[in-house]
file entry_0.cif (mmCIF, C-alpha atoms)
data_run
#
loop_
_atom_site.label_atom_id
_atom_site.label_comp_id
_atom_site.auth_asym_id
_atom_site.auth_seq_id
_atom_site.Cartn_x
_atom_site.Cartn_y
_atom_site.Cartn_z
CA MET A 1 72.94 135.35 179.40
CA LYS A 2 72.73 136.01 175.64
CA ASN A 3 75.12 138.90 175.05
CA LEU A 4 76.07 140.01 171.56
CA ILE A 5 78.86 142.38 170.59
CA LEU A 6 77.53 144.32 167.62
CA LYS A 7 79.99 146.13 165.34
CA LEU A 8 78.51 149.34 163.95
CA ASP A 9 79.53 150.77 160.59
CA HIS A 10 79.22 154.34 161.83
CA SER A 11 80.01 156.00 165.11
CA ASN A 12 77.64 154.89 167.83
CA SER A 13 75.73 158.16 168.10
CA LEU A 14 73.70 158.07 171.31
CA GLN A 15 70.47 160.05 171.26
CA THR A 16 68.38 160.87 174.32
CA SER A 17 64.90 162.33 174.59
CA ASN A 18 64.43 166.08 175.00
CA GLU A 19 61.26 165.20 176.93
CA GLU A 20 63.38 163.30 179.48
CA VAL A 21 61.90 159.88 178.72
CA LYS A 22 64.29 157.36 180.25
CA ILE A 23 64.95 155.60 176.95
CA GLN A 24 67.83 156.23 174.55
CA LYS A 25 68.65 155.07 171.06
CA PHE A 26 71.61 154.43 168.82
CA VAL A 27 71.30 155.03 165.07
CA SER A 28 73.84 153.43 162.73
CA SER A 29 74.19 150.52 160.30
CA ILE A 30 75.70 147.05 160.34
CA SER A 31 77.33 144.79 157.78
CA PRO A 32 75.92 141.41 156.66
CA SER A 33 78.60 139.83 158.87
CA SER A 34 77.16 141.53 161.96
CA PHE A 35 73.64 140.69 160.78
CA ILE A 36 74.57 136.99 160.71
CA LYS A 37 75.66 137.21 164.35
CA LEU A 38 72.58 139.23 165.32
CA LEU A 39 70.17 136.68 163.90
CA LYS A 40 71.81 133.89 165.87
CA TYR A 41 70.41 135.42 169.08
CA ALA A 42 67.67 137.88 168.12
CA ASP A 43 64.07 136.83 167.56
CA ASN A 44 60.98 138.82 166.63
CA LYS A 45 58.64 137.76 169.45
CA VAL A 46 58.40 141.41 170.52
CA ASN A 47 57.27 142.28 166.99
CA PRO A 48 53.47 142.05 166.59
CA ARG A 49 53.81 140.60 163.08
CA ILE A 50 55.58 137.61 161.59
CA ALA A 51 57.05 138.30 158.17
CA THR A 52 56.23 136.11 155.18
CA VAL A 53 57.32 136.06 151.56
CA ASN A 54 55.36 138.78 149.77
CA LYS A 55 55.80 141.80 147.51
CA ILE A 56 57.86 143.57 150.18
CA THR A 57 60.42 140.78 150.56
CA LYS A 58 60.63 140.33 146.77
CA SER A 59 61.31 144.06 146.37
CA ILE A 60 64.07 143.87 148.99
CA HIS A 61 65.61 140.92 147.15
CA GLU A 62 65.58 142.88 143.93
CA THR A 63 67.47 145.75 145.58
CA LEU A 64 70.04 143.40 147.14
CA ASP A 65 70.54 141.76 143.74
CA THR A 66 70.62 144.75 141.43
CA SER A 67 71.58 147.79 143.52
CA PRO A 68 72.90 146.65 146.92
CA GLU A 69 74.77 149.95 147.34
CA LEU A 70 71.37 151.71 147.58
CA PHE A 71 69.89 149.45 150.23
CA TRP A 72 71.13 151.73 153.05
CA PHE A 73 69.21 154.61 151.45
CA LYS A 74 66.07 152.68 150.48
CA SER A 75 65.48 150.72 153.66
CA LYS A 76 64.36 151.77 157.13
CA GLY A 77 66.36 148.79 158.34
CA ILE A 78 65.91 147.03 161.65
CA LEU A 79 64.74 148.32 165.03
CA ILE A 80 66.22 146.41 167.98
CA ALA A 81 65.12 146.57 171.60
CA THR A 82 67.51 145.59 174.39
CA GLU A 83 67.44 145.97 178.16
CA ASN A 84 71.21 146.31 178.45
CA CYS A 85 73.54 148.16 176.11
CA GLU A 86 77.20 148.80 176.86
CA ILE A 87 79.32 151.09 174.69
CA LEU A 88 82.68 149.53 173.81
CA GLU A 89 85.67 150.76 171.83
CA ARG A 90 85.89 150.81 168.02
CA ASN A 91 82.19 151.48 167.34
CA ARG A 92 81.03 148.36 169.16
CA LEU A 93 78.08 147.76 171.46
CA ARG A 94 77.39 144.87 173.81
CA ILE A 95 73.64 144.19 173.93
CA SER A 96 71.51 141.63 175.75
CA LEU A 97 68.87 139.51 174.00
CA ASP A 98 67.52 137.30 176.80
CA ASN A 99 64.03 138.58 177.56
CA LEU A 100 62.16 137.81 174.36
CA ASP A 101 59.01 139.60 175.56
CA TYR A 102 60.89 142.91 175.51
CA GLU A 103 64.14 142.32 173.63
CA GLY A 104 64.75 141.51 169.98
CA ILE A 105 63.61 142.78 166.59
CA MET A 106 60.64 145.04 167.27
CA ASP A 107 60.29 146.48 163.75
CA GLY A 108 61.83 145.71 160.39
CA GLY A 109 60.74 142.08 160.47
CA HIS A 110 60.34 141.97 156.70
CA ASN A 111 63.82 143.43 156.23
CA THR A 112 65.26 140.87 158.63
CA PHE A 113 63.41 137.99 156.99
CA ALA A 114 64.23 139.12 153.45
CA ILE A 115 67.95 139.57 154.18
CA ALA A 116 68.12 136.21 155.96
CA ILE A 117 66.47 134.21 153.17
CA TYR A 118 68.56 136.13 150.61
CA ILE A 119 71.78 135.07 152.37
CA ILE A 120 70.57 131.47 152.69
CA GLU A 121 69.56 131.33 149.04
CA LYS A 122 72.92 132.71 147.85
CA LEU A 123 75.05 130.52 150.12
CA PHE A 124 73.03 127.28 150.09
CA ASP A 125 70.67 127.51 147.09
CA VAL A 126 67.81 126.87 149.55
CA ARG A 127 64.58 128.85 149.29
CA LEU A 128 62.59 129.33 152.48
CA LYS A 129 59.18 130.98 152.82
CA LYS A 130 58.51 131.09 156.57
CA TRP A 131 60.19 132.92 159.45
CA ASP A 132 60.19 129.89 161.78
CA ASP A 133 61.86 127.72 159.12
CA THR A 134 64.42 130.43 158.48
CA LYS A 135 65.24 130.84 162.18
CA GLN A 136 65.58 127.08 162.58
CA PHE A 137 67.86 126.84 159.54
CA TRP A 138 69.98 129.68 160.95
CA GLU A 139 70.39 127.98 164.31
CA GLU A 140 71.19 124.57 162.82
CA ASN A 141 73.65 125.89 160.24
CA TYR A 142 75.10 128.97 161.92
CA GLU A 143 78.77 127.97 161.75
CA GLU A 144 78.43 126.92 158.11
CA ILE A 145 76.68 130.21 157.29
CA GLU A 146 79.62 132.13 158.81
CA LYS A 147 82.13 129.98 156.96
CA ARG A 148 80.47 130.29 153.55
CA TYR A 149 79.90 134.00 154.03
CA GLU A 150 83.61 134.61 154.67
CA GLU A 151 84.39 132.66 151.50
CA ASN A 152 81.93 134.78 149.48
CA VAL A 153 82.06 138.10 151.30
CA ASP A 154 82.39 140.09 148.07
CA ASP A 155 78.91 138.93 147.04
CA PHE A 156 77.31 140.83 149.91
CA LYS A 157 78.17 144.49 149.52
CA PHE A 158 75.38 146.25 151.36
CA SER A 159 74.82 147.99 154.68
CA ILE A 160 71.78 147.51 156.90
CA PRO A 161 70.39 150.50 158.83
CA VAL A 162 69.84 149.75 162.50
CA GLU A 163 68.28 151.60 165.39
CA ILE A 164 68.76 150.29 168.91
CA ILE A 165 66.41 151.30 171.74
CA THR A 166 67.53 150.74 175.32
CA PRO A 167 66.92 152.16 178.81
CA THR A 168 69.10 154.99 180.07
CA THR A 169 71.18 154.60 183.23
CA ASP A 170 68.70 156.68 185.24
CA GLU A 171 66.87 155.16 188.18
CA GLY A 172 63.59 153.56 187.12
CA SER A 173 64.57 153.50 183.45
CA LEU A 174 64.05 149.73 183.02
CA LEU A 175 60.47 149.93 184.30
CA GLU A 176 59.81 152.86 181.96
CA PHE A 177 61.29 150.80 179.12
CA TYR A 178 58.84 147.97 179.95
CA ASP A 179 55.93 150.40 180.08
CA TYR A 180 56.64 152.02 176.72
CA ILE A 181 58.14 149.29 174.54
CA SER A 182 54.83 147.77 173.40
CA GLU A 183 53.41 151.18 172.58
CA ILE A 184 56.53 152.13 170.62
CA CYS A 185 56.46 148.83 168.78
CA SER A 186 52.80 149.21 167.81
CA ALA A 187 53.38 152.77 166.62
CA ARG A 188 56.35 151.75 164.48
CA ASN A 189 54.19 149.06 162.86
CA ASN A 190 51.26 151.41 162.21
CA ASN A 191 52.65 152.30 158.81
CA VAL A 192 51.48 148.83 157.67
CA GLN A 193 48.02 149.27 159.21
CA LEU A 194 48.68 146.76 161.97
CA LYS A 195 45.51 144.94 162.95
CA GLU A 196 43.99 145.60 166.34
CA THR A 197 44.26 141.86 167.02
CA ALA A 198 48.04 142.06 166.54
CA LYS A 199 48.27 145.01 168.92
CA GLY A 200 46.00 143.29 171.45
CA ASN A 201 48.05 140.13 171.26
CA GLN A 202 51.24 142.08 171.84
CA VAL A 203 50.05 143.74 175.06
CA GLY A 204 48.51 140.57 176.51
CA TYR A 205 44.76 141.01 175.99
CA TYR A 206 44.44 137.45 174.71
CA ASP A 207 46.86 135.69 177.05
CA TYR A 208 44.10 134.17 179.17
CA LEU A 209 42.28 132.94 176.06
CA LYS A 210 45.52 131.36 174.88
CA GLU A 211 45.94 129.66 178.23
CA ILE A 212 42.52 127.97 178.05
CA LEU A 213 42.32 127.33 174.28
CA ASP A 214 45.76 126.66 172.80
CA GLN A 215 46.02 123.00 173.78
CA GLU A 216 42.89 122.20 171.77
CA PHE A 217 42.56 124.88 169.08
CA ASP A 218 45.12 125.84 166.41
CA ILE A 219 44.65 129.63 166.49
CA MET A 220 46.77 132.15 164.57
CA TRP A 221 47.25 134.79 167.25
CA LYS A 222 50.06 136.68 165.56
CA THR A 223 49.85 138.31 162.12
CA GLY A 224 51.71 136.12 159.65
CA GLY A 225 52.03 133.28 162.16
CA SER A 226 50.86 129.69 161.90
CA GLY A 227 47.38 128.46 162.74
CA GLN A 228 44.22 127.25 160.98
CA ILE A 229 41.81 129.50 162.91
CA LYS A 230 41.75 133.30 162.68
CA SER A 231 42.12 134.97 166.06
CA GLU A 232 39.46 137.58 165.24
CA ASP A 233 36.89 134.79 164.72
CA VAL A 234 37.63 133.41 168.17
CA ILE A 235 37.70 136.84 169.81
CA SER A 236 34.34 137.71 168.23
CA LEU A 237 32.70 134.59 169.63
CA ALA A 238 34.39 135.08 173.01
CA SER A 239 32.79 138.54 173.06
CA LEU A 240 29.39 136.87 173.49
CA SER A 241 30.21 136.19 177.12
CA PHE A 242 31.20 139.86 177.56
CA ILE A 243 27.86 140.88 176.03
CA PHE A 244 26.22 138.70 178.68
CA LEU A 245 28.23 140.40 181.45
CA LYS A 246 27.39 143.84 180.06
CA GLU A 247 23.66 143.05 180.00
CA LYS A 248 23.89 141.89 183.62
CA GLY A 249 25.63 145.14 184.61
CA LEU A 250 28.83 143.29 185.47
CA LEU A 251 31.20 145.37 183.31
CA PRO A 252 32.29 148.95 184.10
CA ASN A 253 29.68 151.52 183.05
CA ASP A 254 32.05 153.41 180.76
CA ILE A 255 32.44 150.37 178.49
CA LYS A 256 30.04 150.67 175.57
CA SER A 257 27.76 147.75 174.75
CA LEU A 258 28.06 145.58 171.64
CA ASN A 259 25.20 144.41 169.42
CA LYS A 260 25.18 140.66 168.82
CA ILE A 261 24.81 141.22 165.09
CA SER A 262 28.40 142.54 165.12
CA VAL A 263 29.63 139.07 166.10
CA TYR A 264 28.65 138.01 162.59
CA SER A 265 29.02 141.15 160.51
CA GLN A 266 31.63 143.38 162.21
CA LYS A 267 34.43 141.33 163.69
CA SER A 268 36.69 144.38 163.94
CA LYS A 269 34.08 146.00 166.18
CA CYS A 270 34.06 142.87 168.36
CA VAL A 271 37.85 143.03 168.66
CA ASP A 272 37.62 146.69 169.70
CA PHE A 273 34.97 145.79 172.29
CA PHE A 274 37.02 142.86 173.61
CA ASN A 275 40.18 144.99 173.81
CA GLU A 276 38.30 147.77 175.58
CA VAL A 277 37.12 145.34 178.24
CA MET A 278 40.52 143.76 178.72
CA SER A 279 42.36 147.10 178.92
CA HIS A 280 40.05 148.56 181.57
CA SER A 281 41.70 149.25 184.91
CA GLU A 282 38.90 147.40 186.75
CA ILE A 283 39.49 144.30 184.63
CA SER A 284 43.25 144.04 184.14
CA GLU A 285 46.42 145.31 185.77
CA GLU A 286 49.11 146.77 183.54
CA ILE A 287 52.54 145.41 184.45
CA LYS A 288 55.61 146.14 182.34
CA GLY A 289 53.45 147.17 179.37
CA LYS A 290 51.40 143.93 179.54
CA TYR A 291 47.81 143.63 180.71
CA ILE A 292 47.25 140.89 183.30
CA LEU A 293 43.63 139.80 183.75
CA LYS A 294 42.58 140.10 187.41
CA ASN A 295 38.75 140.19 187.26
CA ASP A 296 37.24 136.83 188.29
CA ALA A 297 33.90 137.42 186.56
CA VAL A 298 35.66 138.12 183.25
CA LYS A 299 37.90 135.08 183.71
CA SER A 300 34.88 132.84 184.28
CA ALA A 301 33.14 134.37 181.25
CA LEU A 302 36.15 133.62 179.04
CA ASN A 303 36.10 130.06 180.34
CA LEU A 304 32.83 129.67 178.42
CA THR A 305 34.60 130.25 175.10
CA LYS A 306 35.52 126.60 174.61
CA GLY A 307 31.85 125.63 174.87
CA ILE A 308 30.91 128.33 172.32
CA LEU A 309 33.46 127.05 169.79
CA HIS A 310 32.31 123.46 170.23
CA PHE A 311 28.69 124.55 169.81
CA PHE A 312 29.56 126.49 166.65
CA ASP A 313 31.02 123.34 165.07
CA ARG A 314 28.03 121.23 166.18
CA MET A 315 25.61 123.76 164.73
CA TYR A 316 27.48 123.86 161.42
CA LEU A 317 27.28 120.08 161.12
CA GLU A 318 23.70 119.66 162.38
CA PHE A 319 21.89 122.78 161.14
CA PRO A 320 20.86 121.17 157.81
CA SER A 321 19.10 118.32 159.61
CA LEU A 322 17.54 120.75 162.10
CA TYR A 323 16.24 122.73 159.13
CA HIS A 324 14.71 119.58 157.61
CA LYS A 325 13.06 118.73 160.91
CA ALA A 326 11.56 122.21 161.35
CA ALA A 327 9.94 122.46 157.92
CA PRO A 328 9.42 120.50 154.71
CA GLY A 329 11.87 121.16 151.93
CA LYS A 330 15.47 120.32 151.13
CA PHE A 331 18.28 122.43 152.63
CA GLY A 332 20.50 121.38 149.75
CA ARG A 333 18.15 122.99 147.24
CA ILE A 334 18.74 126.48 148.63
CA SER A 335 20.72 128.41 146.00
CA ALA A 336 23.23 129.65 148.61
CA VAL A 337 24.05 126.06 149.62
CA ASP A 338 26.59 123.86 147.83
CA ASN A 339 25.41 120.25 148.17
CA LYS A 340 28.27 118.85 146.11
CA LYS A 341 31.06 119.57 148.56
CA LYS A 342 31.65 118.19 152.03
CA SER A 343 33.32 120.57 154.48
CA ARG A 344 35.10 120.56 157.82
CA ALA A 345 33.76 122.05 161.02
CA PRO A 346 35.36 125.54 161.15
CA TYR A 347 37.01 125.11 164.58
CA TYR A 348 38.18 121.53 163.95
CA THR A 349 36.66 120.09 167.13
CA THR A 350 35.66 116.93 165.24
CA GLU A 351 36.74 114.93 162.20
CA GLU A 352 33.12 114.69 161.07
CA LEU A 353 32.31 116.39 157.77
CA SER A 354 29.22 118.35 156.80
CA ASP A 355 27.33 117.13 153.75
CA TYR A 356 27.06 120.75 152.63
CA LYS A 357 29.23 123.81 152.22
CA TYR A 358 27.26 126.89 153.19
CA SER A 359 27.40 130.31 154.82
CA PHE A 360 27.68 130.58 158.60
CA GLY A 361 25.09 133.34 158.32
CA PHE A 362 22.34 130.71 158.34
CA PHE A 363 22.98 129.87 162.00
CA TYR A 364 25.06 132.71 163.50
CA PRO A 365 21.99 134.09 165.32
CA LEU A 366 21.51 130.67 166.93
CA VAL A 367 25.10 130.64 168.15
CA SER A 368 24.64 134.13 169.58
CA GLY A 369 21.42 132.99 171.26
CA ILE A 370 23.28 130.76 173.69
CA THR A 371 23.86 133.75 175.96
CA SER A 372 20.40 132.67 177.22
CA LEU A 373 22.13 129.56 178.58
CA MET A 374 24.59 131.64 180.61
CA GLU A 375 24.07 132.40 184.29
CA TYR A 376 25.89 134.41 186.94
CA ASP A 377 26.56 133.30 190.50
CA GLU A 378 26.84 136.46 192.60
CA ARG A 379 28.20 134.62 195.61
CA ASN A 380 31.19 133.25 193.69
CA ASN A 381 31.37 136.15 191.19
CA GLU A 382 31.29 133.56 188.42
CA ALA A 383 29.60 133.15 185.04
CA TYR A 384 28.68 129.58 184.14
CA TRP A 385 26.51 127.48 181.82
CA LYS A 386 23.02 126.61 183.02
CA VAL A 387 23.15 124.06 180.21
CA ASN A 388 26.49 123.56 178.43
CA PRO A 389 25.82 123.96 174.69
CA LYS A 390 28.59 121.48 174.01
CA ASN A 391 26.33 118.76 175.42
CA LEU A 392 22.94 120.23 174.47
CA ASP A 393 20.50 117.91 172.68
CA LEU A 394 19.91 119.99 169.56
CA GLY A 395 16.89 117.86 168.72
CA THR A 396 15.02 119.58 171.53
CA LEU A 397 15.28 123.00 169.85
CA ASP A 398 12.13 124.32 168.21
CA LEU A 399 13.31 126.05 165.05
CA SER A 400 9.93 126.30 163.29
CA GLN A 401 9.68 130.07 163.67
CA TYR A 402 13.36 130.53 162.84
CA VAL A 403 12.98 128.60 159.57
CA GLU A 404 9.84 130.57 158.73
CA LEU A 405 11.87 133.75 159.10
CA ILE A 406 14.48 132.28 156.72
CA ARG A 407 11.76 131.86 154.10
CA MET A 408 10.60 135.43 154.63
CA VAL A 409 14.05 136.77 153.67
CA ASN A 410 14.19 134.46 150.65
CA PHE A 411 16.90 132.21 152.13
CA ASP A 412 19.54 134.97 152.03
CA PRO A 413 22.26 134.13 154.61
CA GLN A 414 23.40 137.78 154.77
CA LYS A 415 19.93 138.93 155.74
CA ILE A 416 19.73 136.12 158.29
CA GLY A 417 23.10 136.94 159.85
CA LYS A 418 22.28 140.65 160.01
CA GLY A 419 18.59 140.43 160.91
CA ALA A 420 17.60 141.49 164.43
CA ALA A 421 14.48 139.29 164.27
CA PHE A 422 16.64 136.18 163.99
CA TYR A 423 18.64 137.11 167.09
CA ASN A 424 15.49 137.80 169.11
CA GLU A 425 13.99 134.48 168.02
CA SER A 426 17.22 132.64 168.86
CA GLU A 427 17.22 134.00 172.41
CA SER A 428 13.61 132.79 172.80
CA ILE A 429 14.56 129.34 171.50
CA PHE A 430 17.24 128.89 174.16
CA GLU A 431 15.21 130.47 176.94
CA LYS A 432 12.68 127.66 176.45
CA ILE A 433 15.43 125.14 177.22
CA ASN A 434 15.44 126.35 180.82
CA ASN A 435 11.68 126.23 181.32
#

call {"tool": "encode", "arguments": {"input": "entry_0.cif", "output": "structure tokens"}}
result
Amino acid sequence: MKNLILKLDHSNSLQTSNEEVKIQKFVSSISPSSFIKLLKYADNKVNPRIATVNKITKSIHETLDTSPELFWFKSKGILIATENCEILERNRLRISLDNLDYEGIMDGGHNTFAIAIYIIEKLFDVRLKKWDDTKQFWEENYEEIEKRYEENVDDFKFSIPVEIITPTTDEGSLLEFYDYISEICSARNNNVQLKETAKGNQVGYYDYLKEILDQEFDIMWKTGGSGQIKSEDVISLASLSFIFLKEKGLLPNDIKSLNKISVYSQKSKCVDFFNEVMSHSEISEEIKGKYILKNDAVKSALNLTKGILHFFDRMYLEFPSLYHKAAPGKFGRISAVDNKKKSRAPYYTTEELSDYKYSFGFFYPLVSGITSLMEYDERNNEAYWKVNPKNLDLGTLDLSQYVELIRMVNFDPQKIGKGAAFYNESESIFEKINN
């Protein structure tokens, strides 16, 4: 068990809720010495964001360099969540930091990151820019960090505000802590306009998608984290299968429908729609503040996401040749198309390069049209592909009318991506595949 004895600078003032919520908090501050010990065990997995070097961290560094005595006044400090907190003598607390889903640094990630890289830079003349690299450096060099700090303690004259949230000793307090911790964490991060994707990731809306996609796709699920693919792009495309379920009457009636055009033009709306589905009591069960997907139809629909992403990449690579086949004229001569740059497929499912760099708006309606290839098996309560678009012979698609529509809007990819006529035509194109 990871237990840490944390020395507080001020008396450990315990505060409880007047509304009788079974959570309590301690408000105080810690020294850089205690911070060094804290970071050995604490992580920020519970925090919906991952801090990076930016204006905030640079401003913190400036304060630590020029007016460290004011840091305690200027900074909101660090918010720590722990399941177990024992009050000891001499302003000390023993806290647990084992359960990384609920324990650790839940707010103040930029403060934590900025202080950590400041200490590393001063003690080792090493400049780090990522949280993961900083945490790894801390773990690998912890004893040397402590040693060098003690030798240079006078260079670090600042106090760090801390707030510690922990369950009370009342019966049922731990379960209440689990229920509320994600909500508290999201609220504390709202002052930085936390994205809905970050909130959804924190409470588990995307866990099933991660389970089926992460081995193949490098997706950045957490704000500031690593990954080549934006989570909102994936969530928007995954919403196509939910649109299919909604049209079939397979989602709860109180969930509002989503227009396919939003998959191209309003990704935030798609994220809201996806989150609404996943948070519904008929779809997921809330356990310890996390939403666990239980609905088999929704699970099977999400299983189609991999095929959608593969099809998106295939369409990006092959749309220019499909355009040439459907009508005379050169795709590369369209003003919105760059024929001098080769480009990667956006979801990296292949090493093949496109001969052109161009807007996804040209073919987004076609990607959305593959809901016509989806089917539902009532007996097994399962959505499946009638024809998997990953293996579809694109040469069989009749795009003559689609290309004619492109000409009618003067080859403007924005008008294509937002035009209802293109989405209606795309559905017709794929419906013919089944006949």

call {"tool": "resolve_selection", "arguments": {"input": "entry_0.cif", "expression": "the PyMOL selection byres ((chain A and resi 327-335) around 10)", "output": "mmCIF file with C-alpha atoms, in the frame of the given file"}}
result
data_model
loop_
_atom_site.group_PDB
_atom_site.id
_atom_site.type_symbol
_atom_site.label_atom_id
_atom_site.label_comp_id
_atom_site.auth_asym_id
_atom_site.auth_seq_id
_atom_site.Cartn_x
_atom_site.Cartn_y
_atom_site.Cartn_z
ATOM 1 C CA PHE A 319 21.890 122.780 161.140
ATOM 2 C CA PRO A 320 20.860 121.170 157.810
ATOM 3 C CA SER A 321 19.100 118.320 159.610
ATOM 4 C CA LEU A 322 17.540 120.750 162.100
ATOM 5 C CA TYR A 323 16.240 122.730 159.130
ATOM 6 C CA HIS A 324 14.710 119.580 157.610
ATOM 7 C CA LYS A 325 13.060 118.730 160.910
ATOM 8 C CA ALA A 326 11.560 122.210 161.350
ATOM 9 C CA ALA A 336 23.230 129.650 148.610
ATOM 10 C CA VAL A 337 24.050 126.060 149.620
ATOM 11 C CA ASP A 338 26.590 123.860 147.830
ATOM 12 C CA ASN A 339 25.410 120.250 148.170
ATOM 13 C CA LYS A 340 28.270 118.850 146.110
ATOM 14 C CA ASP A 355 27.330 117.130 153.750
ATOM 15 C CA TYR A 356 27.060 120.750 152.630
ATOM 16 C CA LYS A 357 29.230 123.810 152.220
ATOM 17 C CA TYR A 358 27.260 126.890 153.190
ATOM 18 C CA LEU A 399 13.310 126.050 165.050
ATOM 19 C CA SER A 400 9.930 126.300 163.290
ATOM 20 C CA GLN A 401 9.680 130.070 163.670
ATOM 21 C CA VAL A 403 12.980 128.600 159.570
ATOM 22 C CA GLU A 404 9.840 130.570 158.730
ATOM 23 C CA ASN A 410 14.190 134.460 150.650
ATOM 24 C CA PHE A 411 16.900 132.210 152.130
ATOM 25 C CA ASP A 412 19.540 134.970 152.030
#

call {"tool": "closest_residue", "arguments": {"input": "entry_0.cif", "among": "A:Ile261, A:Ala420, A:Val367, A:Ala81", "to": "A:Glu163", "atoms": "only C-alpha atoms"}}
result
A:Ala81

call {"tool": "residues_around", "arguments": {"input": "entry_0.cif", "residues": "A:Ile283", "least_positions_apart": "3", "cutoff": "9 Å", "atoms": "all atoms listed in the file", "output": "list in words"}}
result
Leu251, Pro252, Val277, Met278, Ser279, His280, Ile292, Leu293, Lys294, Asn295, Asp296 and Val298 of chain A

call {"tool": "closest_residue", "arguments": {"input": "entry_0.cif", "among": "A:Asn275, A:Thr112, A:Thr166, A:Ser368", "to": "A:Pro32", "atoms": "only C-alpha atoms"}}
result
A:Thr112

call {"tool": "resolve_selection", "arguments": {"input": "entry_0.cif", "expression": "the PyMOL selection byres ((chain A and resi 271) around 9)", "output": "ChimeraX atom specification"}}
result
/A:196-197,200,232,235-236,239,266-270,272-276

call {"tool": "residues_around", "arguments": {"input": "entry_0.cif", "residues": "A:Ser13", "least_positions_apart": "4", "cutoff": "9 Å", "atoms": "all atoms listed in the file", "output": "PyMOL selection string"}}
result
chain A and resi 25-28

call {"tool": "resolve_selection", "arguments": {"input": "entry_0.cif", "expression": "the PyMOL selection byres ((chain A and resi 382-387) around 6)", "output": "compact mmCIF listing (two decimals) with C-alpha atoms, keeping the file's coordinate frame"}}
result
# COMPACT_ATOMS: atom_id res chain seq x y z
CA ALA A 297 33.90 137.42 186.56
CA SER A 300 34.88 132.84 184.28
CA ALA A 301 33.14 134.37 181.25
CA LEU A 373 22.13 129.56 178.58
CA MET A 374 24.59 131.64 180.61
CA GLU A 375 24.07 132.40 184.29
CA TYR A 376 25.89 134.41 186.94
CA ASP A 377 26.56 133.30 190.50
CA ASN A 380 31.19 133.25 193.69
CA ASN A 381 31.37 136.15 191.19
CA ASN A 388 26.49 123.56 178.43

call {"tool": "decode", "arguments": {"input": "entry_0.cif", "residues": "stretch 279-291 of chain A", "atoms": "N, CA and C atoms", "output": "short mmCIF file (atom, residue, chain, number, x, y, z; two decimals), in the first residue's frame"}}
result
data_model
loop_
_atom_site.label_atom_id
_atom_site.label_comp_id
_atom_site.auth_asym_id
_atom_site.auth_seq_id
_atom_site.Cartn_x
_atom_site.Cartn_y
_atom_site.Cartn_z
N SER A 279 -24.55 8.03 -21.00
CA SER A 279 -24.89 8.33 -19.61
C SER A 279 -26.32 7.91 -19.25
N HIS A 280 -27.09 7.45 -20.24
CA HIS A 280 -28.48 7.11 -19.98
C HIS A 280 -28.58 5.84 -19.13
N SER A 281 -29.51 5.85 -18.21
CA SER A 281 -29.65 4.73 -17.27
C SER A 281 -30.01 3.42 -17.96
N GLU A 282 -30.61 3.48 -19.15
CA GLU A 282 -30.94 2.26 -19.89
C GLU A 282 -29.75 1.73 -20.69
N ILE A 283 -28.70 2.53 -20.77
CA ILE A 283 -27.52 2.17 -21.56
C ILE A 283 -26.36 1.74 -20.65
N SER A 284 -26.11 2.52 -19.61
CA SER A 284 -24.96 2.28 -18.74
C SER A 284 -25.39 2.26 -17.28
N GLU A 285 -24.59 1.60 -16.48
CA GLU A 285 -24.80 1.57 -15.03
C GLU A 285 -23.71 2.40 -14.36
N GLU A 286 -24.10 3.31 -13.50
CA GLU A 286 -23.12 4.14 -12.80
C GLU A 286 -22.65 3.42 -11.55
N ILE A 287 -21.34 3.16 -11.50
CA ILE A 287 -20.72 2.48 -10.36
C ILE A 287 -19.51 3.28 -9.91
N LYS A 288 -19.52 3.73 -8.69
CA LYS A 288 -18.41 4.51 -8.13
C LYS A 288 -18.06 5.71 -9.01
N GLY A 289 -19.09 6.40 -9.53
CA GLY A 289 -18.85 7.60 -10.32
C GLY A 289 -18.41 7.32 -11.74
N LYS A 290 -18.34 6.04 -12.15
CA LYS A 290 -17.97 5.66 -13.51
C LYS A 290 -19.17 5.00 -14.18
N TYR A 291 -19.30 5.24 -15.49
CA TYR A 291 -20.40 4.66 -16.25
C TYR A 291 -19.93 3.40 -16.97
#
